[in-house]
Amino acid sequence: MDLIQSQTDFNENKKDPIQSVGQISHLALDIGGSLIKVVYLSRSSGNSADHEEETPDSSNGTLGVPNCDGKHPIFEGKIHFAKFETSNINDCLDFINSKKLHLGGFQHHDDLIKEKNFIKATGGGAYKFTDLFKEKLGISLDKEDEMDCLVTGANFLLKAFDREAYTYINSEKEFVQIDHNDLYPYLLVNIGSGVSMIKVDGDGKFERVSGTNVGGGTFWGLGRLLTKCKSFDELLELSHKGNNRVIDMLVGDIYGGTDYLKIGLTSTAIASSFGKAISDNKELEDYNPEDIARSLLRMISNNIGQISYLNALRFGLKRIFFGGFFIRGHAYTMDTISVAVNFWSKGEAKAMFLNHEGFLGALGAFVSYTKHNLDTT
C-alpha cells in the first residue's frame, strides 16, 4: 500500500497532525486506469505538541482559490496526497477507512444525493467502481468531468504557487515565474495511461486538441512483458541502470560513426528505437532488462515530447506544461521530453513540469467543492 506521498501546508506555522475525524474535509479522488490519486484537507487544531515533517515538495502559505463567482475563499489546513495502483483498489479503500477520511465529508447537496454521504471523484474509475465504494464505505461518488478536473487542477496550481512550474534541462531544475495575467493560452499535456493534450484558454475554457495512446500504460505494459517488472516504479528504477544504445539504432550506427549534420542529426541521435534488435542475433533473454527499460522510456518520452510541440505549434502556443504520473519527477524522463521539445522547436520552446504533476485531476475534483458552493461546516 502506498502511504501519503506528500502534503502541502496552507496555514503558516501550523504543522499539527490530524487529531479527529472532524478535521478532515474535501476528500477527492481521481481513479484512472492505472492509478488512484487521493487528495484531502486536514485542519490543524493548533494544540498538539506533535508535528509532521514537511516533504521536499511542500509549499507554505495561506492559499486563496478563485471560484466561479470570482471570490477567493481560504483553505486553511494541509493538503495531503496519496496514490495507489487501481488494480489494488482495496488498498485505497482500506486507507480511506483506516483514517476515516470519508466521514469528514458532506452529508448532502441538492436532491441528487440527499441524506447520503459522498465524496468528489473523477476519472473512468469513478463510474466503474461506484458500487464498490458504496458497498465498502457506504459513500456515493459525486462525479466530476475528467477533462474539467485536469484543467481546473492545473490552473489551481499555476495560480496558487510561485514555485510550482519549472524547466528541467541538462539535469538542472529551474523554477519559472508565471504571470497570472498572462497565463493563457497554454497546452496542458497530461500523461497518464494514455496522453491527452488540452488547449487551455481560461478558467473553464479549454479544448482537447489531440492525444496519443502511447503513454504511461504503454511503458508499464510493454515493460512488464519485456522485463518481468512487477510495478511502474520498479521499471523506472531499472531504467536508471540501463544503456539504450545497446538496443537503439543510432544515426552513427548507420553513417559509420559520423553525424548527418545536413539535416541536423548528430551521430548519437536515435534513428530507430529498438532498431539494433533487427540485426542482432539475440533472443529476448539475451538482453539486459535495464537496457530494455531505458530504451522503452526513451522511445515513449521522445514521442510525447515531439507530438506535444507539434500541437503547440499548430495553435501558436508558447507554453507547454506536462503533468501526469508517468513523469514522477524522474530526471531521465523530464530530460528526454525537454530535449525533444527543444530539438523540434529549434530552441524556441521549453517543456515545463509541475511539482504536483500526478494530482491534477484529483486537485480539480478537490477544488470542485468550492466551485459548487459546498461547505464542510
# chains A, B, ... in the order shown; residues from 1 in each chain; ligands from 1
$ residues_around --residues "Asp291 in chain A" --least-positions-apart "5" --cutoff "6 Å" --atoms "only C-alpha atoms" --output "ChimeraX atom specification"
/A:242-244
$ residues_around --residues "Phe118 in chain A" --least-positions-apart "4" --cutoff "6 Å" --atoms "only C-alpha atoms" --output "list in words"
Ile139, Ser140 and Leu141 of chain A
$ write_last_selection --atoms "N, CA, C and O atoms" --output "short mmCIF file (atom, residue, chain, number, x, y, z; two decimals), in the first residue's frame"
data_model
loop_
_atom_site.label_atom_id
_atom_site.label_comp_id
_atom_site.auth_asym_id
_atom_site.auth_seq_id
_atom_site.Cartn_x
_atom_site.Cartn_y
_atom_site.Cartn_z
N ILE A 139 -20.47 5.18 0.87
CA ILE A 139 -20.47 6.54 0.32
C ILE A 139 -20.74 6.50 -1.18
O ILE A 139 -20.46 5.51 -1.86
N SER A 140 -21.28 7.61 -1.68
CA SER A 140 -21.50 7.77 -3.11
C SER A 140 -20.35 8.57 -3.70
O SER A 140 -19.74 9.40 -3.03
N LEU A 141 -20.06 8.32 -4.96
CA LEU A 141 -19.05 9.09 -5.67
C LEU A 141 -19.76 10.15 -6.51
O LEU A 141 -20.48 9.83 -7.45
#
$ closest_residue --among "A:Leu188, A:Leu250, A:Ile96, A:Lys37" --to "Ala82 in chain A" --atoms "only C-alpha atoms"
A:Lys37
$ residues_around --residues "Val341 in chain A" --least-positions-apart "5" --cutoff "8 Å" --atoms "only C-alpha atoms" --output "list in words"
Gly305, Gln306, Ser308, Tyr309, Gly347, Ala349, Lys350 and Ala351 of chain A
$ closest_residue --among "A:Ala312, A:Tyr184, A:Phe343, A:Ile327" --to "Ile263 in chain A" --atoms "only C-alpha atoms"
A:Phe343
$ closest_residue --among "A:Gly153, A:Gly223, A:Gly138, A:Pro185" --to "Arg294 in chain A" --atoms "only C-alpha atoms"
A:Gly223
$ closest_residue --among "A:Lys134, A:Lys78, A:Arg245, A:His26" --to "Tyr369 in chain A" --atoms "only C-alpha atoms"
A:His26
